[in-house]
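Read the structure below first, then the notes.
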2 protein chains.
Amino acid sequence: MRIGELASRTGVSIRSLRYYEEQGLLASTRSTSGQRHYTDDEAERVAFIQRLYAAGLSSRTIAELLPCVDSPSAENSDAALERMAQERDRLSAHIADLVRTRDALDGLMATNRAHREQLRVPLAG
Amino acid sequence: MRIGELASRTGVSIRSLRYYEEQGLLASTRSTSGQRHYTDDEAERVAFIQRLYAAGLSSRTIAELLPCVDSPSAENSDAALERMAQERDRLSAHIADLVRTRDALDGLMATNRAHREQLRVPLAG
DNA sequence: CTAGAAGCTCACATGGATGTCAGGGGCAAG
DNA sequence: CTTGCCCCTGACATCCATGTGAGCTTCTAG
């Protein structure tokens, strides 16, 4: 498929897809006229890249651990594997932090609703 | 306390503290000479703001739901409470997404380690 | 063949939180 | 009074993913 279709399939802008290629995150084969062509696999890869972005990784970091994805058995994935473990732990800590934040929000909302009730009772009584 | 101490206590840069004030997230009393002074409560507030930033909220959004924190019983927190519920749900969805990403990383790492084992056996044998 | 949709490259713009620098004031200790 | 440290405002700089526009080429449908 060409870049337009990949974009609409993945929901990622054409601009971003070109940027991913520029950053070494995504490969494309070129037609003789220079147009990019992709296989279905690339769509999955784009989705995965999006996941990692959402997890707070930079394109540089993603590039560092992609060897691990592409060829799990390669020796050069040594550093990548370690990097991935590191990012995995960072992500895990981040998740824990977000859960605490969600709890805090829940607590605040409960407090607010309680105050609201207190206001309503005198009006009802 | 003055801004320097608040900064070192919270680990947030002086620049950022002034920015928070500019965005209406943080208040300060000023000495006659114009220097900012804070109470211990402000330190907690800064920590909370940091939490929300980490949860992906923008300063604008944080400002929108702070009334809910400051005066839970105020009527004007109506919109804020709704906004907070909305952000809470967004956060919850985001957490779920991050957990899936972490699982994906775990899967990748397991695959890599498995390949590594396969490589080691022939060498050992 | 022609018109329009889609691709290409290059390059500049944007937004948001933060860094950094310049130029100046406030205040405590020597 | 001076030295040193902290604070003030204002403004410009930075990073990074993405938007956007110009100018040009390529593909596709009629």
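Quick note on naming: the chains in the structure tokens go A, B, ... in the order shown, residues restart at 1 in each chain, and ligands are numbered from 1 in order of appearance.
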Next item on the list: Considering only C-alpha atoms, extract the chain B residues located within 6 Å of chain A and return them as a list in words.
Entry: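 Every residue of chain B that passes the 6 Å test is in Pro72, Ser73, Asn112 and His115 of chain B.
The list of chain A residues within 9 Å of chain C is Arg2, Ile3, Gly4, Gly34, Gln35 and Arg36 of chain A; this uses only C-alpha atoms (C1' of nucleotides).
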Check which residues of chain A sit at most 8 Å from chain D using only C-alpha atoms (C1' of nucleotides), and return one row each with the closest pair of atoms and their distance in Å to one decimal, ordered by chain and rising number, as JSON lines.
{"residue": "A:Arg15", "atom": "CA", "partner": "D:DT18", "partner_atom": "C1'", "distance": 7.2}
{"residue": "A:Ser16", "atom": "CA", "partner": "D:DT18", "partner_atom": "C1'", "distance": 6.7}
{"residue": "A:Ser33", "atom": "CA", "partner": "D:DT26", "partner_atom": "C1'", "distance": 7.2}
Writer output for current selection, N, CA and C atoms, as a PDB file, in the first residue's frame:
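File again-v6.pdb, as written:
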ATOM      1  N   ARG A  15       2.602  13.009   7.405  1.00  0.00           N
ATOM      2  CA  ARG A  15       3.778  13.717   7.911  1.00  0.00           C
ATOM      3  C   ARG A  15       4.521  12.882   8.941  1.00  0.00           C
ATOM      4  N   SER A  16       3.784  12.308   9.857  1.00  0.00           N
ATOM      5  CA  SER A  16       4.397  11.535  10.926  1.00  0.00           C
ATOM      6  C   SER A  16       5.048  10.263  10.385  1.00  0.00           C
ATOM      7  N   SER A  33       9.567   5.520  -9.221  1.00  0.00           N
ATOM      8  CA  SER A  33       9.314   6.959  -9.220  1.00  0.00           C
ATOM      9  C   SER A  33       9.530   7.567  -7.835  1.00  0.00           C
TER      10      SER A  33
END
Superimpose chain B on chain A so that the squared distances between all in-order C-alpha pairs are minimised, and send the result as an mmCIF file with N, CA and C atoms, in the first residue's frame.
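Contents of out.cif, as written:
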data_model
loop_
_atom_site.group_PDB
_atom_site.id
_atom_site.type_symbol
_atom_site.label_atom_id
_atom_site.label_comp_id
_atom_site.auth_asym_id
_atom_site.auth_seq_id
_atom_site.Cartn_x
_atom_site.Cartn_y
_atom_site.Cartn_z
ATOM 1 N N MET B 1 0.906 -1.165 -0.012
ATOM 2 C CA MET B 1 0.044 0.020 -0.020
ATOM 3 C C MET B 1 0.904 1.279 -0.014
ATOM 4 N N ARG B 2 0.323 2.397 -0.440
ATOM 5 C CA ARG B 2 1.068 3.653 -0.425
ATOM 6 C C ARG B 2 0.826 4.396 0.890
ATOM 7 N N ILE B 3 1.512 5.500 1.046
ATOM 8 C CA ILE B 3 1.531 6.148 2.358
ATOM 9 C C ILE B 3 0.154 6.631 2.812
ATOM 10 N N GLY B 4 -0.648 7.062 1.848
ATOM 11 C CA GLY B 4 -1.974 7.558 2.190
ATOM 12 C C GLY B 4 -2.829 6.490 2.845
ATOM 13 N N GLU B 5 -2.755 5.304 2.297
ATOM 14 C CA GLU B 5 -3.563 4.227 2.859
ATOM 15 C C GLU B 5 -3.040 3.817 4.235
ATOM 16 N N LEU B 6 -1.743 3.746 4.346
ATOM 17 C CA LEU B 6 -1.170 3.400 5.653
ATOM 18 C C LEU B 6 -1.608 4.413 6.708
ATOM 19 N N ALA B 7 -1.617 5.670 6.299
ATOM 20 C CA ALA B 7 -2.027 6.733 7.210
ATOM 21 C C ALA B 7 -3.475 6.551 7.652
ATOM 22 N N SER B 8 -4.356 6.318 6.693
ATOM 23 C CA SER B 8 -5.760 6.212 7.081
ATOM 24 C C SER B 8 -6.025 4.913 7.837
ATOM 25 N N ARG B 9 -5.258 3.882 7.532
ATOM 26 C CA ARG B 9 -5.438 2.624 8.269
ATOM 27 C C ARG B 9 -5.016 2.747 9.733
ATOM 28 N N THR B 10 -3.914 3.450 9.936
ATOM 29 C CA THR B 10 -3.355 3.507 11.292
ATOM 30 C C THR B 10 -3.828 4.732 12.065
ATOM 31 N N GLY B 11 -4.381 5.694 11.341
ATOM 32 C CA GLY B 11 -4.790 6.922 12.015
ATOM 33 C C GLY B 11 -3.630 7.833 12.331
ATOM 34 N N VAL B 12 -2.490 7.566 11.719
ATOM 35 C CA VAL B 12 -1.307 8.402 11.921
ATOM 36 C C VAL B 12 -1.118 9.269 10.678
ATOM 37 N N SER B 13 -0.800 10.530 10.871
ATOM 38 C CA SER B 13 -0.701 11.429 9.729
ATOM 39 C C SER B 13 0.450 11.058 8.807
ATOM 40 N N ILE B 14 0.303 11.399 7.544
ATOM 41 C CA ILE B 14 1.353 11.166 6.555
ATOM 42 C C ILE B 14 2.650 11.822 7.021
ATOM 43 N N ARG B 15 2.522 13.025 7.519
ATOM 44 C CA ARG B 15 3.691 13.741 8.023
ATOM 45 C C ARG B 15 4.447 12.911 9.052
ATOM 46 N N SER B 16 3.700 12.317 9.956
ATOM 47 C CA SER B 16 4.326 11.538 11.022
ATOM 48 C C SER B 16 4.974 10.278 10.480
ATOM 49 N N LEU B 17 4.344 9.642 9.511
ATOM 50 C CA LEU B 17 4.927 8.428 8.936
ATOM 51 C C LEU B 17 6.282 8.751 8.300
ATOM 52 N N ARG B 18 6.348 9.870 7.590
ATOM 53 C CA ARG B 18 7.626 10.250 6.979
ATOM 54 C C ARG B 18 8.641 10.550 8.074
ATOM 55 N N TYR B 19 8.171 11.166 9.124
ATOM 56 C CA TYR B 19 9.054 11.471 10.254
ATOM 57 C C TYR B 19 9.587 10.176 10.871
ATOM 58 N N TYR B 20 8.748 9.180 11.031
ATOM 59 C CA TYR B 20 9.188 7.913 11.610
ATOM 60 C C TYR B 20 10.291 7.309 10.750
ATOM 61 N N GLU B 21 10.111 7.402 9.446
ATOM 62 C CA GLU B 21 11.138 6.863 8.556
ATOM 63 C C GLU B 21 12.447 7.624 8.732
ATOM 64 N N GLU B 22 12.321 8.926 8.795
ATOM 65 C CA GLU B 22 13.496 9.790 8.963
ATOM 66 C C GLU B 22 14.245 9.438 10.250
ATOM 67 N N GLN B 23 13.484 9.032 11.268
ATOM 68 C CA GLN B 23 14.094 8.694 12.558
ATOM 69 C C GLN B 23 14.536 7.229 12.627
ATOM 70 N N GLY B 24 14.348 6.517 11.534
ATOM 71 C CA GLY B 24 14.798 5.135 11.498
ATOM 72 C C GLY B 24 13.870 4.169 12.217
ATOM 73 N N LEU B 25 12.614 4.554 12.376
ATOM 74 C CA LEU B 25 11.674 3.686 13.078
ATOM 75 C C LEU B 25 10.886 2.814 12.115
ATOM 76 N N LEU B 26 10.819 3.253 10.871
ATOM 77 C CA LEU B 26 9.933 2.613 9.908
ATOM 78 C C LEU B 26 10.637 2.582 8.559
ATOM 79 N N ALA B 27 10.574 1.426 7.890
ATOM 80 C CA ALA B 27 11.202 1.317 6.574
ATOM 81 C C ALA B 27 10.134 1.316 5.495
ATOM 82 N N SER B 28 10.530 1.664 4.279
ATOM 83 C CA SER B 28 9.605 1.587 3.158
ATOM 84 C C SER B 28 10.405 1.203 1.922
ATOM 85 N N THR B 29 9.749 0.516 1.013
ATOM 86 C CA THR B 29 10.393 0.287 -0.281
ATOM 87 C C THR B 29 9.895 1.389 -1.196
ATOM 88 N N ARG B 30 10.749 1.792 -2.122
ATOM 89 C CA ARG B 30 10.357 2.890 -2.990
ATOM 90 C C ARG B 30 10.101 2.381 -4.401
ATOM 91 N N SER B 31 9.054 2.891 -5.016
ATOM 92 C CA SER B 31 8.827 2.596 -6.428
ATOM 93 C C SER B 31 9.855 3.386 -7.235
ATOM 94 N N THR B 32 9.949 3.073 -8.528
ATOM 95 C CA THR B 32 10.967 3.756 -9.340
ATOM 96 C C THR B 32 10.779 5.271 -9.309
ATOM 97 N N SER B 33 9.525 5.672 -9.169
ATOM 98 C CA SER B 33 9.271 7.114 -9.151
ATOM 99 C C SER B 33 9.489 7.709 -7.767
ATOM 100 N N GLY B 34 9.871 6.878 -6.811
ATOM 101 C CA GLY B 34 10.206 7.400 -5.496
ATOM 102 C C GLY B 34 9.099 7.307 -4.466
ATOM 103 N N GLN B 35 7.958 6.773 -4.864
ATOM 104 C CA GLN B 35 6.855 6.683 -3.906
ATOM 105 C C GLN B 35 7.078 5.536 -2.930
ATOM 106 N N ARG B 36 6.693 5.768 -1.681
ATOM 107 C CA ARG B 36 6.851 4.760 -0.636
ATOM 108 C C ARG B 36 5.773 3.685 -0.737
ATOM 109 N N HIS B 37 6.193 2.460 -0.519
ATOM 110 C CA HIS B 37 5.230 1.349 -0.469
ATOM 111 C C HIS B 37 5.451 0.547 0.799
ATOM 112 N N TYR B 38 4.327 0.075 1.347
ATOM 113 C CA TYR B 38 4.388 -0.633 2.626
ATOM 114 C C TYR B 38 3.627 -1.945 2.548
ATOM 115 N N THR B 39 4.012 -2.874 3.400
ATOM 116 C CA THR B 39 3.265 -4.129 3.531
ATOM 117 C C THR B 39 2.354 -4.010 4.744
ATOM 118 N N ASP B 40 1.513 -5.012 4.931
ATOM 119 C CA ASP B 40 0.596 -5.000 6.074
ATOM 120 C C ASP B 40 1.354 -4.994 7.398
ATOM 121 N N ASP B 41 2.512 -5.626 7.396
ATOM 122 C CA ASP B 41 3.310 -5.676 8.622
ATOM 123 C C ASP B 41 3.651 -4.286 9.132
ATOM 124 N N GLU B 42 3.890 -3.383 8.196
ATOM 125 C CA GLU B 42 4.267 -2.027 8.593
ATOM 126 C C GLU B 42 3.152 -1.372 9.400
ATOM 127 N N ALA B 43 1.932 -1.713 9.068
ATOM 128 C CA ALA B 43 0.802 -1.130 9.800
ATOM 129 C C ALA B 43 0.871 -1.533 11.275
ATOM 130 N N GLU B 44 1.197 -2.791 11.502
ATOM 131 C CA GLU B 44 1.337 -3.247 12.886
ATOM 132 C C GLU B 44 2.478 -2.526 13.578
ATOM 133 N N ARG B 45 3.557 -2.359 12.825
ATOM 134 C CA ARG B 45 4.718 -1.697 13.404
ATOM 135 C C ARG B 45 4.364 -0.261 13.794
ATOM 136 N N VAL B 46 3.617 0.412 12.928
ATOM 137 C CA VAL B 46 3.202 1.776 13.240
ATOM 138 C C VAL B 46 2.381 1.799 14.526
ATOM 139 N N ALA B 47 1.488 0.829 14.654
ATOM 140 C CA ALA B 47 0.666 0.766 15.864
ATOM 141 C C ALA B 47 1.547 0.585 17.099
ATOM 142 N N PHE B 48 2.553 -0.253 16.958
ATOM 143 C CA PHE B 48 3.452 -0.491 18.083
ATOM 144 C C PHE B 48 4.240 0.771 18.432
ATOM 145 N N ILE B 49 4.708 1.441 17.410
ATOM 146 C CA ILE B 49 5.431 2.697 17.632
ATOM 147 C C ILE B 49 4.544 3.688 18.385
ATOM 148 N N GLN B 50 3.307 3.764 17.981
ATOM 149 C CA GLN B 50 2.372 4.653 18.652
ATOM 150 C C GLN B 50 2.237 4.307 20.133
ATOM 151 N N ARG B 51 2.184 3.015 20.406
ATOM 152 C CA ARG B 51 2.110 2.542 21.795
ATOM 153 C C ARG B 51 3.287 3.069 22.597
ATOM 154 N N LEU B 52 4.462 2.940 21.989
ATOM 155 C CA LEU B 52 5.667 3.346 22.706
ATOM 156 C C LEU B 52 5.694 4.857 22.913
ATOM 157 N N TYR B 53 5.252 5.584 21.898
ATOM 158 C CA TYR B 53 5.157 7.037 22.072
ATOM 159 C C TYR B 53 4.219 7.350 23.236
ATOM 160 N N ALA B 54 3.098 6.672 23.253
ATOM 161 C CA ALA B 54 2.115 6.912 24.313
ATOM 162 C C ALA B 54 2.692 6.562 25.685
ATOM 163 N N ALA B 55 3.666 5.654 25.664
ATOM 164 C CA ALA B 55 4.293 5.254 26.927
ATOM 165 C C ALA B 55 5.401 6.226 27.318
ATOM 166 N N GLY B 56 5.537 7.284 26.540
ATOM 167 C CA GLY B 56 6.494 8.329 26.911
ATOM 168 C C GLY B 56 7.899 8.134 26.374
ATOM 169 N N LEU B 57 8.088 7.194 25.469
ATOM 170 C CA LEU B 57 9.416 7.027 24.882
ATOM 171 C C LEU B 57 9.610 8.050 23.763
ATOM 172 N N SER B 58 10.843 8.479 23.592
ATOM 173 C CA SER B 58 11.157 9.381 22.488
ATOM 174 C C SER B 58 11.509 8.548 21.267
ATOM 175 N N SER B 59 11.499 9.181 20.117
ATOM 176 C CA SER B 59 11.819 8.449 18.895
ATOM 177 C C SER B 59 13.229 7.866 18.987
ATOM 178 N N ARG B 60 14.105 8.584 19.619
ATOM 179 C CA ARG B 60 15.480 8.109 19.800
ATOM 180 C C ARG B 60 15.503 6.810 20.611
ATOM 181 N N THR B 61 14.784 6.794 21.686
ATOM 182 C CA THR B 61 14.729 5.601 22.535
ATOM 183 C C THR B 61 14.079 4.439 21.795
ATOM 184 N N ILE B 62 13.012 4.729 21.104
ATOM 185 C CA ILE B 62 12.332 3.680 20.344
ATOM 186 C C ILE B 62 13.302 3.067 19.344
ATOM 187 N N ALA B 63 14.049 3.928 18.675
ATOM 188 C CA ALA B 63 15.016 3.431 17.690
ATOM 189 C C ALA B 63 16.035 2.513 18.359
ATOM 190 N N GLU B 64 16.367 2.841 19.584
ATOM 191 C CA GLU B 64 17.379 2.050 20.284
ATOM 192 C C GLU B 64 16.916 0.635 20.592
ATOM 193 N N LEU B 65 15.632 0.479 20.838
ATOM 194 C CA LEU B 65 15.192 -0.870 21.216
ATOM 195 C C LEU B 65 14.492 -1.615 20.100
ATOM 196 N N LEU B 66 14.407 -1.025 18.931
ATOM 197 C CA LEU B 66 13.764 -1.724 17.818
ATOM 198 C C LEU B 66 14.546 -2.946 17.330
ATOM 199 N N PRO B 67 15.881 -2.941 17.378
ATOM 200 C CA PRO B 67 16.618 -4.137 16.954
ATOM 201 C C PRO B 67 16.103 -5.376 17.669
ATOM 202 N N CYS B 68 15.721 -5.182 18.891
ATOM 203 C CA CYS B 68 15.193 -6.243 19.730
ATOM 204 C C CYS B 68 13.906 -6.805 19.148
ATOM 205 N N VAL B 69 13.161 -5.946 18.479
ATOM 206 C CA VAL B 69 11.892 -6.361 17.897
ATOM 207 C C VAL B 69 12.131 -7.036 16.546
ATOM 208 N N ASP B 70 13.060 -6.477 15.791
ATOM 209 C CA ASP B 70 13.276 -6.927 14.423
ATOM 210 C C ASP B 70 13.946 -8.290 14.343
ATOM 211 N N SER B 71 14.974 -8.481 15.151
ATOM 212 C CA SER B 71 15.694 -9.760 15.088
ATOM 213 C C SER B 71 16.087 -10.157 16.489
ATOM 214 N N PRO B 72 15.196 -10.859 17.148
ATOM 215 C CA PRO B 72 15.344 -11.167 18.568
ATOM 216 C C PRO B 72 16.637 -11.922 18.872
ATOM 217 N N SER B 73 17.172 -12.589 17.858
ATOM 218 C CA SER B 73 18.321 -13.445 18.149
ATOM 219 C C SER B 73 19.657 -12.735 17.914
ATOM 220 N N ALA B 74 19.583 -11.560 17.329
ATOM 221 C CA ALA B 74 20.827 -10.873 16.996
ATOM 222 C C ALA B 74 21.615 -10.502 18.242
ATOM 223 N N GLU B 75 22.904 -10.601 18.129
ATOM 224 C CA GLU B 75 23.753 -10.265 19.272
ATOM 225 C C GLU B 75 23.650 -8.767 19.593
ATOM 226 N N ASN B 76 23.499 -8.003 18.530
ATOM 227 C CA ASN B 76 23.464 -6.553 18.724
ATOM 228 C C ASN B 76 22.210 -6.100 19.469
ATOM 229 N N SER B 77 21.312 -7.051 19.741
ATOM 230 C CA SER B 77 20.134 -6.669 20.508
ATOM 231 C C SER B 77 20.438 -6.713 22.004
ATOM 232 N N ASP B 78 21.667 -7.056 22.318
ATOM 233 C CA ASP B 78 22.082 -7.097 23.720
ATOM 234 C C ASP B 78 21.773 -5.784 24.425
ATOM 235 N N ALA B 79 22.327 -4.723 23.900
ATOM 236 C CA ALA B 79 22.100 -3.403 24.487
ATOM 237 C C ALA B 79 20.618 -3.052 24.407
ATOM 238 N N ALA B 80 20.011 -3.414 23.279
ATOM 239 C CA ALA B 80 18.600 -3.091 23.089
ATOM 240 C C ALA B 80 17.746 -3.775 24.153
ATOM 241 N N LEU B 81 18.099 -5.011 24.443
ATOM 242 C CA LEU B 81 17.319 -5.755 25.431
ATOM 243 C C LEU B 81 17.439 -5.110 26.811
ATOM 244 N N GLU B 82 18.640 -4.696 27.116
ATOM 245 C CA GLU B 82 18.847 -4.034 28.404
ATOM 246 C C GLU B 82 18.054 -2.725 28.460
ATOM 247 N N ARG B 83 18.143 -1.989 27.358
ATOM 248 C CA ARG B 83 17.407 -0.723 27.252
ATOM 249 C C ARG B 83 15.918 -0.978 27.433
ATOM 250 N N MET B 84 15.444 -2.043 26.833
ATOM 251 C CA MET B 84 14.026 -2.359 26.906
ATOM 252 C C MET B 84 13.621 -2.685 28.338
ATOM 253 N N ALA B 85 14.456 -3.436 29.014
ATOM 254 C CA ALA B 85 14.170 -3.774 30.408
ATOM 255 C C ALA B 85 14.087 -2.495 31.243
ATOM 256 N N GLN B 86 15.002 -1.609 30.946
ATOM 257 C CA GLN B 86 15.056 -0.331 31.658
ATOM 258 C C GLN B 86 13.787 0.495 31.417
ATOM 259 N N GLU B 87 13.381 0.554 30.147
ATOM 260 C CA GLU B 87 12.177 1.320 29.814
ATOM 261 C C GLU B 87 10.938 0.643 30.397
ATOM 262 N N ARG B 88 10.982 -0.658 30.432
ATOM 263 C CA ARG B 88 9.875 -1.415 30.997
ATOM 264 C C ARG B 88 9.694 -1.048 32.467
ATOM 265 N N ASP B 89 10.791 -0.951 33.189
ATOM 266 C CA ASP B 89 10.719 -0.600 34.600
ATOM 267 C C ASP B 89 10.249 0.841 34.792
ATOM 268 N N ARG B 90 10.766 1.702 33.936
ATOM 269 C CA ARG B 90 10.349 3.094 34.005
ATOM 270 C C ARG B 90 8.846 3.184 33.805
ATOM 271 N N LEU B 91 8.389 2.457 32.799
ATOM 272 C CA LEU B 91 6.963 2.447 32.493
ATOM 273 C C LEU B 91 6.152 1.920 33.675
ATOM 274 N N SER B 92 6.665 0.880 34.283
ATOM 275 C CA SER B 92 5.962 0.285 35.405
ATOM 276 C C SER B 92 5.837 1.288 36.550
ATOM 277 N N ALA B 93 6.904 1.985 36.814
ATOM 278 C CA ALA B 93 6.875 2.999 37.868
ATOM 279 C C ALA B 93 5.890 4.104 37.498
ATOM 280 N N HIS B 94 5.891 4.463 36.226
ATOM 281 C CA HIS B 94 5.000 5.526 35.770
ATOM 282 C C HIS B 94 3.540 5.103 35.944
ATOM 283 N N ILE B 95 3.261 3.865 35.600
ATOM 284 C CA ILE B 95 1.902 3.355 35.767
ATOM 285 C C ILE B 95 1.479 3.454 37.233
ATOM 286 N N ALA B 96 2.370 3.038 38.114
ATOM 287 C CA ALA B 96 2.053 3.100 39.541
ATOM 288 C C ALA B 96 1.742 4.536 39.956
ATOM 289 N N ASP B 97 2.512 5.466 39.407
ATOM 290 C CA ASP B 97 2.312 6.876 39.720
ATOM 291 C C ASP B 97 0.950 7.352 39.220
ATOM 292 N N LEU B 98 0.614 6.919 38.020
ATOM 293 C CA LEU B 98 -0.667 7.335 37.448
ATOM 294 C C LEU B 98 -1.825 6.750 38.248
ATOM 295 N N VAL B 99 -1.648 5.546 38.719
ATOM 296 C CA VAL B 99 -2.705 4.928 39.517
ATOM 297 C C VAL B 99 -2.907 5.742 40.802
ATOM 298 N N ARG B 100 -1.808 6.168 41.393
ATOM 299 C CA ARG B 100 -1.937 7.005 42.596
ATOM 300 C C ARG B 100 -2.650 8.307 42.261
ATOM 301 N N THR B 101 -2.321 8.862 41.122
ATOM 302 C CA THR B 101 -2.986 10.094 40.719
ATOM 303 C C THR B 101 -4.481 9.862 40.506
ATOM 304 N N ARG B 102 -4.798 8.746 39.872
ATOM 305 C CA ARG B 102 -6.218 8.448 39.668
ATOM 306 C C ARG B 102 -6.921 8.310 41.010
ATOM 307 N N ASP B 103 -6.272 7.642 41.947
ATOM 308 C CA ASP B 103 -6.850 7.504 43.277
ATOM 309 C C ASP B 103 -7.084 8.872 43.907
ATOM 310 N N ALA B 104 -6.100 9.759 43.714
ATOM 311 C CA ALA B 104 -6.237 11.100 44.274
ATOM 312 C C ALA B 104 -7.442 11.809 43.658
ATOM 313 N N LEU B 105 -7.611 11.657 42.359
ATOM 314 C CA LEU B 105 -8.766 12.273 41.701
ATOM 315 C C LEU B 105 -10.060 11.666 42.238
ATOM 316 N N ASP B 106 -10.077 10.365 42.399
ATOM 317 C CA ASP B 106 -11.268 9.714 42.939
ATOM 318 C C ASP B 106 -11.603 10.268 44.320
ATOM 319 N N GLY B 107 -10.548 10.436 45.123
ATOM 320 C CA GLY B 107 -10.753 10.978 46.459
ATOM 321 C C GLY B 107 -11.337 12.376 46.404
ATOM 322 N N LEU B 108 -10.784 13.195 45.528
ATOM 323 C CA LEU B 108 -11.271 14.566 45.389
ATOM 324 C C LEU B 108 -12.723 14.598 44.943
ATOM 325 N N MET B 109 -13.044 13.738 44.004
ATOM 326 C CA MET B 109 -14.414 13.727 43.497
ATOM 327 C C MET B 109 -15.383 13.270 44.584
ATOM 328 N N ALA B 110 -14.947 12.303 45.362
ATOM 329 C CA ALA B 110 -15.797 11.837 46.458
ATOM 330 C C ALA B 110 -16.045 12.969 47.458
ATOM 331 N N THR B 111 -14.967 13.668 47.792
ATOM 332 C CA THR B 111 -15.089 14.796 48.715
ATOM 333 C C THR B 111 -16.074 15.831 48.179
ATOM 334 N N ASN B 112 -15.926 16.147 46.908
ATOM 335 C CA ASN B 112 -16.811 17.131 46.294
ATOM 336 C C ASN B 112 -18.270 16.685 46.345
ATOM 337 N N ARG B 113 -18.486 15.420 46.035
ATOM 338 C CA ARG B 113 -19.868 14.925 46.012
ATOM 339 C C ARG B 113 -20.459 14.947 47.422
ATOM 340 N N ALA B 114 -19.583 14.641 48.394
ATOM 341 C CA ALA B 114 -20.044 14.662 49.781
ATOM 342 C C ALA B 114 -20.488 16.077 50.169
ATOM 343 N N HIS B 115 -19.672 17.051 49.843
ATOM 344 C CA HIS B 115 -20.030 18.442 50.143
ATOM 345 C C HIS B 115 -21.340 18.813 49.467
ATOM 346 N N ARG B 116 -21.491 18.317 48.266
ATOM 347 C CA ARG B 116 -22.701 18.591 47.499
ATOM 348 C C ARG B 116 -23.933 18.042 48.228
ATOM 349 N N GLU B 117 -23.787 16.841 48.758
ATOM 350 C CA GLU B 117 -24.881 16.233 49.514
ATOM 351 C C GLU B 117 -25.234 17.084 50.716
ATOM 352 N N GLN B 118 -24.179 17.493 51.420
ATOM 353 C CA GLN B 118 -24.399 18.314 52.618
ATOM 354 C C GLN B 118 -25.175 19.575 52.275
ATOM 355 N N LEU B 119 -24.916 20.115 51.109
ATOM 356 C CA LEU B 119 -25.618 21.321 50.689
ATOM 357 C C LEU B 119 -27.077 21.027 50.379
ATOM 358 N N ARG B 120 -27.279 19.840 49.828
ATOM 359 C CA ARG B 120 -28.621 19.529 49.366
ATOM 360 C C ARG B 120 -29.585 19.274 50.518
ATOM 361 N N VAL B 121 -29.059 18.660 51.579
ATOM 362 C CA VAL B 121 -29.926 18.292 52.692
ATOM 363 C C VAL B 121 -30.678 19.508 53.279
ATOM 364 N N PRO B 122 -29.961 20.584 53.621
ATOM 365 C CA PRO B 122 -30.673 21.735 54.173
ATOM 366 C C PRO B 122 -31.757 22.246 53.217
ATOM 367 N N LEU B 123 -31.464 22.221 51.940
ATOM 368 C CA LEU B 123 -32.447 22.681 50.974
ATOM 369 C C LEU B 123 -33.671 21.765 50.969
ATOM 370 N N ALA B 124 -33.383 20.476 51.141
ATOM 371 C CA ALA B 124 -34.474 19.514 51.110
ATOM 372 C C ALA B 124 -35.272 19.558 52.412
ATOM 373 N N GLY B 125 -34.559 19.879 53.526
ATOM 374 C CA GLY B 125 -35.202 19.802 54.825
ATOM 375 C C GLY B 125 -36.107 20.945 55.144
#
Next item on the list: Extract the full set of strand (DSSP E or B) residues from region 3-107 of chain B according to DSSP on the backbone, and format it as a PyMOL selection string.
Entry: chain B and resi 29-30+36-37
Residue subset to file, keeping C-alpha atoms, as a PDB file, in the first residue's frame:
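What landed in out.pdb:
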ATOM      1  CA  THR B  29       1.840  36.340  48.814  1.00  0.00           C
ATOM      2  CA  ARG B  30       4.319  39.056  48.041  1.00  0.00           C
ATOM      3  CA  ARG B  36       7.106  35.623  46.708  1.00  0.00           C
ATOM      4  CA  HIS B  37       6.339  33.830  49.945  1.00  0.00           C
TER       5      HIS B  37
END
